[in-house]
Amino acid sequence: MTTTLITGANKGLGFETARRLVEAGHTVYVGSRDPERGRLAADRLGARSLVLDVTDDESVAAAAKTVEAGGGLDVLVNNAGTEGRTPEGGVVPAAEVTAEMTRGLFETNVFGIVRVTNAFLPSLRRSTAPVVVNLSSGLASLAGMTTPGTPVHAYPGIAYPASKAAVNMITVQYAKQLPEMRINAVDPGYTATDLNHNTGTRTVEQGAEIVVRMARIGTDGPTGGYFDEAGPLPW
């Protein structure tokens with residue numbers, strides 16, 4: 001039996017990923033900052049609820065102890081993230097972004113991945129087929145962002161693309177130093193979720209496709225890569 005933890009899984013892409021993996025036979029922990037929302041989501045899915053705030057050391061440490069006591073972990077999906085849009089749903093342009101805005105996004109999108117991954121490494125190391133999937137974005141691609149005419153080129157924000165580019169680098173470095181694991185970054189595409197005020201053009205079912213696929217790869221699968229559902233993406 002494969003045991004999987006998905007952070008930020010009480011809604012959106014995390015919830016859909018959890019649903020698909022439960023269907024595939026995984027024992028799934030639904031990580032959620034809000035205990036009640038997490039419990040309700042887990043009950044709907046037939047999964048296990050796990051209180052987990054990726055920005056809080058004590059919360060993450062407690063979650064790691066709970067999962068270890070429950071038998072350990074095989075797959076970690078670092079899904080929790082934020083884009084930091086305005087209350088009206090707009091993207092904060094470069095000339096208006098602040099260091100504090102950027103710090104907030106990095107706390108969740110970057111430092112959260114490091115905090116959670118390191119906390120669960122002892123458990124993952126005991127798995128016979130450990131997998132880590134990091135949620136990135138097409139906006140993390142320097143090649144895409146610097147090529148006029150690509151879908152991502154016109155995006156005006158700084159903080160979110162920078163945080164996801166950092167996720168890609170984290171992914172590469174973990175993969176190089178932990179060759180026994182399959183560690184990859186994935187782009188679910190512009191998916192309609194609360195993160196972007198549901199302005200995305202793809203459904204969560206479409207967005208979760210690559211997440212689920214990479215969560216289920218075997219020991220002969222790729223590692224240290226950056227993928228969407230069509231294949232490898234340019235860095």
# chains A, B, ... in the order shown; residues from 1 in each chain; ligands from 1
call {"tool": "select_by_dssp", "arguments": {"residues": "stretch 73-180 of chain A", "states": "helix (DSSP H, G or I)", "output": "JSON, numbers by chain"}}
result
{"A": [94, 95, 96, 99, 100, 101, 102, 103, 104, 105, 106, 107, 108, 109, 110, 111, 112, 113, 114, 115, 116, 117, 118, 119, 120, 121, 122, 123, 124, 125, 138, 139, 140, 142, 143, 144, 145, 159, 160, 161, 162, 163, 164, 165, 166, 167, 168, 169, 170, 171, 172, 173, 174, 175, 176, 177]}
call {"tool": "closest_atom_pairs", "arguments": {"of": "stretch 142-183 of chain A", "to": "stretch 92-98 of chain A", "cutoff": "8 Å", "atoms": "only C-alpha atoms", "output": "Markdown table"}}
result
| residue | atom | partner | partner_atom | distance |
| --- | --- | --- | --- | --- |
| A:Pro156 | CA | A:Pro93 | CA | 5.0 |
| A:Gly157 | CA | A:Pro93 | CA | 4.8 |
| A:Ile158 | CA | A:Ala94 | CA | 5.7 |
| A:Ala159 | CA | A:Val97 | CA | 7.6 |
call {"tool": "residues_around", "arguments": {"residues": "A:Ser137", "least_positions_apart": "3", "cutoff": "10 Å", "atoms": "only C-alpha atoms", "output": "PyMOL selection string"}}
result
chain A and resi 134+140-141+152+160-161+163-165+167-168+185-190+226-228
call {"tool": "write_last_selection", "arguments": {"atoms": "N, CA, C and O atoms", "output": "compact mmCIF listing (two decimals), in the first residue's frame"}}
result
# COMPACT_ATOMS: atom_id res chain seq x y z
N ASN A 134 6.67 18.49 -6.52
CA ASN A 134 6.58 19.90 -6.14
C ASN A 134 5.74 20.65 -7.16
O ASN A 134 6.03 20.60 -8.36
N ALA A 140 7.29 29.75 -13.97
CA ALA A 140 8.64 29.55 -13.45
C ALA A 140 9.68 29.42 -14.55
O ALA A 140 10.88 29.47 -14.29
N SER A 141 9.23 29.24 -15.78
CA SER A 141 10.14 29.02 -16.90
C SER A 141 10.77 30.33 -17.36
O SER A 141 10.08 31.20 -17.91
N VAL A 152 2.94 32.76 -21.14
CA VAL A 152 3.32 33.34 -19.84
C VAL A 152 4.02 34.69 -19.96
O VAL A 152 4.17 35.39 -18.95
N TYR A 160 5.19 35.78 -7.50
CA TYR A 160 4.77 34.40 -7.76
C TYR A 160 5.71 33.69 -8.72
O TYR A 160 6.18 32.58 -8.42
N PRO A 161 6.04 34.27 -9.89
CA PRO A 161 6.99 33.58 -10.78
C PRO A 161 8.34 33.34 -10.12
O PRO A 161 8.94 32.28 -10.32
N SER A 163 8.93 32.90 -6.95
CA SER A 163 8.82 31.81 -5.97
C SER A 163 8.79 30.45 -6.67
O SER A 163 9.40 29.49 -6.18
N LYS A 164 8.12 30.37 -7.79
CA LYS A 164 8.05 29.09 -8.49
C LYS A 164 9.35 28.74 -9.21
O LYS A 164 9.69 27.56 -9.36
N ALA A 165 10.09 29.76 -9.65
CA ALA A 165 11.43 29.49 -10.19
C ALA A 165 12.33 28.93 -9.10
O ALA A 165 13.15 28.02 -9.34
N VAL A 167 11.22 27.14 -6.62
CA VAL A 167 10.76 25.75 -6.46
C VAL A 167 11.48 24.84 -7.45
O VAL A 167 11.89 23.73 -7.10
N ASN A 168 11.65 25.30 -8.67
CA ASN A 168 12.35 24.48 -9.66
C ASN A 168 13.79 24.22 -9.23
O ASN A 168 14.29 23.10 -9.37
N ALA A 185 9.31 18.62 -10.40
CA ALA A 185 8.43 19.79 -10.37
C ALA A 185 7.42 19.66 -11.51
O ALA A 185 7.76 19.20 -12.60
N VAL A 186 6.18 20.07 -11.24
CA VAL A 186 5.14 19.94 -12.27
C VAL A 186 4.37 21.25 -12.43
O VAL A 186 4.19 22.00 -11.47
N ASP A 187 3.93 21.47 -13.65
CA ASP A 187 3.10 22.63 -13.99
C ASP A 187 1.70 22.14 -14.33
O ASP A 187 1.50 21.51 -15.37
N PRO A 188 0.71 22.43 -13.48
CA PRO A 188 -0.66 21.99 -13.78
C PRO A 188 -1.37 22.86 -14.80
O PRO A 188 -2.51 22.58 -15.16
N GLY A 189 -0.71 23.94 -15.24
CA GLY A 189 -1.35 24.87 -16.17
C GLY A 189 -2.20 25.89 -15.43
O GLY A 189 -2.30 25.88 -14.20
N TYR A 190 -2.83 26.76 -16.18
CA TYR A 190 -3.61 27.86 -15.61
C TYR A 190 -4.97 27.31 -15.18
O TYR A 190 -5.96 27.39 -15.91
N TYR A 226 11.14 18.93 -14.82
CA TYR A 226 10.10 19.97 -14.79
C TYR A 226 9.14 19.64 -15.92
O TYR A 226 9.52 19.67 -17.09
N PHE A 227 7.90 19.27 -15.57
CA PHE A 227 6.99 18.68 -16.54
C PHE A 227 5.60 19.30 -16.49
O PHE A 227 5.12 19.73 -15.44
N ASP A 228 4.94 19.30 -17.66
CA ASP A 228 3.49 19.42 -17.69
C ASP A 228 2.96 18.14 -18.32
O ASP A 228 3.73 17.20 -18.58
call {"tool": "residues_around", "arguments": {"residues": "A:Thr108", "least_positions_apart": "3", "cutoff": "12 Å", "atoms": "only C-alpha atoms", "output": "PyMOL selection string"}}
result
chain A and resi 7-8+33+53-57+78-84+101-105+111-116+135+159-160+163-164+166-167
call {"tool": "write_last_selection", "arguments": {"atoms": "C-alpha atoms", "output": "compact mmCIF listing (two decimals), in the first residue's frame"}}
result
# COMPACT_ATOMS: atom_id res chain seq x y z
CA THR A 7 -0.34 19.60 1.47
CA GLY A 8 -3.16 22.10 0.99
CA ARG A 33 -4.23 24.35 7.95
CA ASP A 53 0.48 24.54 8.23
CA VAL A 54 3.50 24.60 5.94
CA THR A 55 4.58 27.98 7.34
CA ASP A 56 4.81 26.73 10.94
CA ASP A 57 7.70 24.60 12.21
CA ASN A 78 4.01 19.74 -2.01
CA ASN A 79 0.83 21.38 -3.29
CA ALA A 80 0.14 24.19 -0.80
CA GLY A 81 0.74 27.59 -2.37
CA THR A 82 -0.44 31.15 -2.83
CA GLU A 83 -0.26 33.70 -5.66
CA GLY A 84 -0.90 36.86 -3.66
CA MET A 101 4.36 40.72 -0.44
CA THR A 102 7.24 38.75 -1.86
CA ARG A 103 8.28 37.47 1.56
CA GLY A 104 4.78 36.18 2.21
CA LEU A 105 4.68 34.18 -1.01
CA PHE A 111 10.24 27.86 2.55
CA GLY A 112 7.15 25.71 3.09
CA ILE A 113 8.45 23.10 0.65
CA VAL A 114 11.84 23.02 2.34
CA ARG A 115 10.26 22.83 5.80
CA VAL A 116 7.88 20.00 4.88
CA LEU A 135 3.87 22.13 -7.59
CA ALA A 159 6.65 37.46 -6.54
CA TYR A 160 4.77 34.40 -7.76
CA SER A 163 8.82 31.81 -5.97
CA LYS A 164 8.05 29.09 -8.49
CA ALA A 166 12.90 28.90 -6.74
CA VAL A 167 10.76 25.75 -6.46
call {"tool": "closest_residue", "arguments": {"among": "A:Leu13, A:Gly25, A:Val75, A:Thr4", "to": "A:Arg48", "atoms": "only C-alpha atoms"}}
result
A:Thr4
call {"tool": "closest_residue", "arguments": {"among": "A:Tyr29, A:Tyr174, A:Tyr155, A:Phe15", "to": "A:Thr2", "atoms": "only C-alpha atoms"}}
result
A:Tyr29
call {"tool": "residues_around", "arguments": {"residues": "stretch 219-223 of chain A", "least_positions_apart": "2", "cutoff": "10 Å", "atoms": "only C-alpha atoms", "output": "PyMOL selection string"}}
result
chain A and resi 128-133+171-172+174-176+178-185+214+216-217+225-226
call {"tool": "residues_around", "arguments": {"residues": "A:Ala24", "least_positions_apart": "3", "cutoff": "12 Å", "atoms": "only C-alpha atoms", "output": "ChimeraX atom specification"}}
result
/A:1-4,17-21,27-28,212-213,215-216
call {"tool": "write_last_selection", "arguments": {"atoms": "N, CA and C atoms", "output": "short mmCIF file (atom, residue, chain, number, x, y, z; two decimals), in the first residue's frame"}}
result
data_model
loop_
_atom_site.label_atom_id
_atom_site.label_comp_id
_atom_site.auth_asym_id
_atom_site.auth_seq_id
_atom_site.Cartn_x
_atom_site.Cartn_y
_atom_site.Cartn_z
N MET A 1 0.84 -1.20 0.00
CA MET A 1 0.00 0.00 0.00
C MET A 1 0.88 1.26 0.00
N THR A 2 0.60 2.19 -0.89
CA THR A 2 1.34 3.45 -0.98
C THR A 2 0.67 4.50 -0.12
N THR A 3 1.44 5.14 0.74
CA THR A 3 0.92 6.21 1.60
C THR A 3 1.40 7.55 1.09
N THR A 4 0.47 8.47 0.90
CA THR A 4 0.75 9.75 0.26
C THR A 4 0.25 10.89 1.12
N THR A 17 -6.36 15.92 -6.64
CA THR A 17 -5.25 14.97 -6.63
C THR A 17 -5.48 13.88 -5.61
N ALA A 18 -5.94 14.27 -4.42
CA ALA A 18 -6.23 13.30 -3.38
C ALA A 18 -7.32 12.33 -3.83
N ARG A 19 -8.36 12.86 -4.45
CA ARG A 19 -9.46 12.00 -4.92
C ARG A 19 -8.94 10.95 -5.89
N ARG A 20 -8.11 11.38 -6.83
CA ARG A 20 -7.61 10.46 -7.85
C ARG A 20 -6.68 9.41 -7.24
N LEU A 21 -5.87 9.81 -6.29
CA LEU A 21 -4.94 8.87 -5.69
C LEU A 21 -5.64 7.89 -4.76
N THR A 27 -3.25 5.26 0.29
CA THR A 27 -3.71 5.80 1.56
C THR A 27 -3.26 7.26 1.58
N VAL A 28 -4.21 8.17 1.64
CA VAL A 28 -3.90 9.60 1.44
C VAL A 28 -4.14 10.39 2.72
N VAL A 212 -0.93 13.80 -10.54
CA VAL A 212 -1.21 12.39 -10.25
C VAL A 212 -0.23 11.48 -10.98
N ARG A 213 0.04 11.80 -12.22
CA ARG A 213 0.96 10.98 -13.01
C ARG A 213 2.34 10.91 -12.35
N ALA A 215 3.05 11.56 -9.22
CA ALA A 215 2.96 10.94 -7.90
C ALA A 215 2.99 9.42 -7.98
N ARG A 216 2.68 8.88 -9.15
CA ARG A 216 2.59 7.43 -9.31
C ARG A 216 3.77 6.83 -10.07
#
call {"tool": "residues_around", "arguments": {"residues": "A:Ala64", "least_positions_apart": "4", "cutoff": "12 Å", "atoms": "only C-alpha atoms", "output": "JSON, numbers by chain"}}
result
{"A": [5, 29, 31, 50, 51, 52, 53, 54, 57, 58, 59, 60, 68, 69, 70, 71, 72, 73, 76, 115, 116, 117, 118, 119, 120, 121, 122, 123, 124]}
call {"tool": "atom_distance", "arguments": {"atom1": "atom CA of A:Thr66", "atom2": "atom CA of A:Arg44"}}
result
20.9 Å
call {"tool": "decode", "arguments": {"residues": "stretch 169-184 of chain A", "atoms": "all heavy atoms", "output": "PDB file, in the first residue's frame"}}
result
ATOM      1  N   MET A 169      14.466  25.239  -8.711  1.00  0.00           N
ATOM      2  CA  MET A 169      15.845  25.045  -8.267  1.00  0.00           C
ATOM      3  C   MET A 169      15.916  24.114  -7.065  1.00  0.00           C
ATOM      4  O   MET A 169      16.802  23.248  -6.980  1.00  0.00           O
ATOM      5  CB  MET A 169      16.481  26.390  -7.923  1.00  0.00           C
ATOM      6  CG  MET A 169      17.931  26.290  -7.473  1.00  0.00           C
ATOM      7  SD  MET A 169      19.014  25.550  -8.721  1.00  0.00           S
ATOM      8  CE  MET A 169      19.144  26.917  -9.878  1.00  0.00           C
ATOM      9  N   ILE A 170      14.981  24.268  -6.133  1.00  0.00           N
ATOM     10  CA  ILE A 170      14.919  23.361  -4.985  1.00  0.00           C
ATOM     11  C   ILE A 170      14.759  21.923  -5.456  1.00  0.00           C
ATOM     12  O   ILE A 170      15.417  20.997  -4.966  1.00  0.00           O
ATOM     13  CB  ILE A 170      13.742  23.763  -4.068  1.00  0.00           C
ATOM     14  CG1 ILE A 170      14.072  25.038  -3.306  1.00  0.00           C
ATOM     15  CG2 ILE A 170      13.394  22.631  -3.095  1.00  0.00           C
ATOM     16  CD1 ILE A 170      12.870  25.616  -2.582  1.00  0.00           C
ATOM     17  N   THR A 171      13.887  21.742  -6.429  1.00  0.00           N
ATOM     18  CA  THR A 171      13.631  20.407  -6.964  1.00  0.00           C
ATOM     19  C   THR A 171      14.898  19.787  -7.536  1.00  0.00           C
ATOM     20  O   THR A 171      15.227  18.623  -7.248  1.00  0.00           O
ATOM     21  CB  THR A 171      12.548  20.471  -8.059  1.00  0.00           C
ATOM     22  OG1 THR A 171      11.340  20.998  -7.491  1.00  0.00           O
ATOM     23  CG2 THR A 171      12.286  19.112  -8.666  1.00  0.00           C
ATOM     24  N   VAL A 172      15.607  20.544  -8.336  1.00  0.00           N
ATOM     25  CA  VAL A 172      16.842  20.050  -8.948  1.00  0.00           C
ATOM     26  C   VAL A 172      17.872  19.668  -7.886  1.00  0.00           C
ATOM     27  O   VAL A 172      18.498  18.593  -7.957  1.00  0.00           O
ATOM     28  CB  VAL A 172      17.422  21.116  -9.901  1.00  0.00           C
ATOM     29  CG1 VAL A 172      18.841  20.760 -10.314  1.00  0.00           C
ATOM     30  CG2 VAL A 172      16.542  21.273 -11.128  1.00  0.00           C
ATOM     31  N   GLN A 173      18.035  20.517  -6.884  1.00  0.00           N
ATOM     32  CA  GLN A 173      19.064  20.266  -5.882  1.00  0.00           C
ATOM     33  C   GLN A 173      18.723  19.080  -4.989  1.00  0.00           C
ATOM     34  O   GLN A 173      19.595  18.273  -4.651  1.00  0.00           O
ATOM     35  CB  GLN A 173      19.293  21.529  -5.045  1.00  0.00           C
ATOM     36  CG  GLN A 173      19.923  22.684  -5.835  1.00  0.00           C
ATOM     37  CD  GLN A 173      21.281  22.308  -6.413  1.00  0.00           C
ATOM     38  OE1 GLN A 173      21.374  21.789  -7.533  1.00  0.00           O
ATOM     39  NE2 GLN A 173      22.325  22.541  -5.643  1.00  0.00           N
ATOM     40  N   TYR A 174      17.467  18.957  -4.593  1.00  0.00           N
ATOM     41  CA  TYR A 174      17.064  17.776  -3.826  1.00  0.00           C
ATOM     42  C   TYR A 174      17.282  16.505  -4.656  1.00  0.00           C
ATOM     43  O   TYR A 174      17.767  15.488  -4.152  1.00  0.00           O
ATOM     44  CB  TYR A 174      15.595  17.872  -3.421  1.00  0.00           C
ATOM     45  CG  TYR A 174      15.321  18.584  -2.120  1.00  0.00           C
ATOM     46  CD1 TYR A 174      14.489  19.696  -2.082  1.00  0.00           C
ATOM     47  CD2 TYR A 174      15.862  18.134  -0.924  1.00  0.00           C
ATOM     48  CE1 TYR A 174      14.211  20.357  -0.887  1.00  0.00           C
ATOM     49  CE2 TYR A 174      15.597  18.776   0.280  1.00  0.00           C
ATOM     50  CZ  TYR A 174      14.765  19.886   0.291  1.00  0.00           C
ATOM     51  OH  TYR A 174      14.502  20.522   1.475  1.00  0.00           O
ATOM     52  N   ALA A 175      16.877  16.554  -5.924  1.00  0.00           N
ATOM     53  CA  ALA A 175      16.986  15.368  -6.771  1.00  0.00           C
ATOM     54  C   ALA A 175      18.434  14.925  -6.938  1.00  0.00           C
ATOM     55  O   ALA A 175      18.733  13.721  -6.931  1.00  0.00           O
ATOM     56  CB  ALA A 175      16.350  15.641  -8.132  1.00  0.00           C
ATOM     57  N   LYS A 176      19.342  15.867  -7.091  1.00  0.00           N
ATOM     58  CA  LYS A 176      20.753  15.514  -7.250  1.00  0.00           C
ATOM     59  C   LYS A 176      21.321  14.882  -5.988  1.00  0.00           C
ATOM     60  O   LYS A 176      22.135  13.953  -6.050  1.00  0.00           O
ATOM     61  CB  LYS A 176      21.566  16.755  -7.630  1.00  0.00           C
ATOM     62  CG  LYS A 176      21.314  17.263  -9.032  1.00  0.00           C
ATOM     63  CD  LYS A 176      22.358  18.276  -9.473  1.00  0.00           C
ATOM     64  CE  LYS A 176      22.512  19.440  -8.533  1.00  0.00           C
ATOM     65  NZ  LYS A 176      23.443  20.469  -9.043  1.00  0.00           N
ATOM     66  N   GLN A 177      20.893  15.386  -4.836  1.00  0.00           N
ATOM     67  CA  GLN A 177      21.476  14.923  -3.583  1.00  0.00           C
ATOM     68  C   GLN A 177      20.743  13.733  -2.966  1.00  0.00           C
ATOM     69  O   GLN A 177      21.238  13.110  -2.020  1.00  0.00           O
ATOM     70  CB  GLN A 177      21.522  16.084  -2.593  1.00  0.00           C
ATOM     71  CG  GLN A 177      22.473  17.188  -3.062  1.00  0.00           C
ATOM     72  CD  GLN A 177      22.446  18.417  -2.176  1.00  0.00           C
ATOM     73  OE1 GLN A 177      22.512  18.319  -0.967  1.00  0.00           O
ATOM     74  NE2 GLN A 177      22.342  19.584  -2.794  1.00  0.00           N
ATOM     75  N   LEU A 178      19.566  13.416  -3.509  1.00  0.00           N
ATOM     76  CA  LEU A 178      18.797  12.262  -3.034  1.00  0.00           C
ATOM     77  C   LEU A 178      18.442  11.374  -4.228  1.00  0.00           C
ATOM     78  O   LEU A 178      17.278  11.226  -4.601  1.00  0.00           O
ATOM     79  CB  LEU A 178      17.533  12.737  -2.325  1.00  0.00           C
ATOM     80  CG  LEU A 178      17.755  13.601  -1.070  1.00  0.00           C
ATOM     81  CD1 LEU A 178      16.463  14.295  -0.661  1.00  0.00           C
ATOM     82  CD2 LEU A 178      18.307  12.759   0.078  1.00  0.00           C
ATOM     83  N   PRO A 179      19.447  10.772  -4.851  1.00  0.00           N
ATOM     84  CA  PRO A 179      19.205  10.026  -6.102  1.00  0.00           C
ATOM     85  C   PRO A 179      18.332   8.794  -5.920  1.00  0.00           C
ATOM     86  O   PRO A 179      17.819   8.260  -6.909  1.00  0.00           O
ATOM     87  CB  PRO A 179      20.620   9.644  -6.555  1.00  0.00           C
ATOM     88  CG  PRO A 179      21.443   9.655  -5.302  1.00  0.00           C
ATOM     89  CD  PRO A 179      20.869  10.750  -4.459  1.00  0.00           C
ATOM     90  N   GLU A 180      18.154   8.340  -4.691  1.00  0.00           N
ATOM     91  CA  GLU A 180      17.288   7.182  -4.460  1.00  0.00           C
ATOM     92  C   GLU A 180      15.811   7.541  -4.528  1.00  0.00           C
ATOM     93  O   GLU A 180      14.948   6.648  -4.543  1.00  0.00           O
ATOM     94  CB  GLU A 180      17.604   6.559  -3.093  1.00  0.00           C
ATOM     95  CG  GLU A 180      17.136   7.356  -1.883  1.00  0.00           C
ATOM     96  CD  GLU A 180      18.073   8.489  -1.468  1.00  0.00           C
ATOM     97  OE1 GLU A 180      18.968   8.857  -2.251  1.00  0.00           O
ATOM     98  OE2 GLU A 180      17.905   8.990  -0.336  1.00  0.00           O
ATOM     99  N   MET A 181      15.506   8.836  -4.588  1.00  0.00           N
ATOM    100  CA  MET A 181      14.123   9.302  -4.665  1.00  0.00           C
ATOM    101  C   MET A 181      13.813   9.834  -6.056  1.00  0.00           C
ATOM    102  O   MET A 181      14.706  10.217  -6.802  1.00  0.00           O
ATOM    103  CB  MET A 181      13.870  10.400  -3.630  1.00  0.00           C
ATOM    104  CG  MET A 181      14.111   9.963  -2.211  1.00  0.00           C
ATOM    105  SD  MET A 181      13.607  11.232  -1.011  1.00  0.00           S
ATOM    106  CE  MET A 181      14.239  10.481   0.504  1.00  0.00           C
ATOM    107  N   ARG A 182      12.523   9.869  -6.404  1.00  0.00           N
ATOM    108  CA  ARG A 182      12.073  10.501  -7.640  1.00  0.00           C
ATOM    109  C   ARG A 182      11.458  11.840  -7.232  1.00  0.00           C
ATOM    110  O   ARG A 182      10.402  11.883  -6.603  1.00  0.00           O
ATOM    111  CB  ARG A 182      11.028   9.644  -8.350  1.00  0.00           C
ATOM    112  CG  ARG A 182      11.435   8.205  -8.699  1.00  0.00           C
ATOM    113  CD  ARG A 182      12.562   8.133  -9.701  1.00  0.00           C
ATOM    114  NE  ARG A 182      13.856   8.084  -9.015  1.00  0.00           N
ATOM    115  CZ  ARG A 182      15.025   8.092  -9.629  1.00  0.00           C
ATOM    116  NH1 ARG A 182      15.064   8.162 -10.952  1.00  0.00           N
ATOM    117  NH2 ARG A 182      16.145   8.050  -8.950  1.00  0.00           N
ATOM    118  N   ILE A 183      12.131  12.929  -7.576  1.00  0.00           N
ATOM    119  CA  ILE A 183      11.728  14.268  -7.137  1.00  0.00           C
ATOM    120  C   ILE A 183      11.584  15.163  -8.362  1.00  0.00           C
ATOM    121  O   ILE A 183      12.565  15.410  -9.073  1.00  0.00           O
ATOM    122  CB  ILE A 183      12.766  14.859  -6.168  1.00  0.00           C
ATOM    123  CG1 ILE A 183      12.974  13.919  -4.972  1.00  0.00           C
ATOM    124  CG2 ILE A 183      12.326  16.245  -5.701  1.00  0.00           C
ATOM    125  CD1 ILE A 183      14.066  14.359  -4.007  1.00  0.00           C
ATOM    126  N   ASN A 184      10.377  15.639  -8.621  1.00  0.00           N
ATOM    127  CA  ASN A 184      10.121  16.424  -9.824  1.00  0.00           C
ATOM    128  C   ASN A 184       9.205  17.612  -9.541  1.00  0.00           C
ATOM    129  O   ASN A 184       8.435  17.611  -8.574  1.00  0.00           O
ATOM    130  CB  ASN A 184       9.470  15.537 -10.892  1.00  0.00           C
ATOM    131  CG  ASN A 184      10.403  14.459 -11.394  1.00  0.00           C
ATOM    132  OD1 ASN A 184      11.353  14.731 -12.127  1.00  0.00           O
ATOM    133  ND2 ASN A 184      10.154  13.210 -11.004  1.00  0.00           N
TER     134      ASN A 184
END
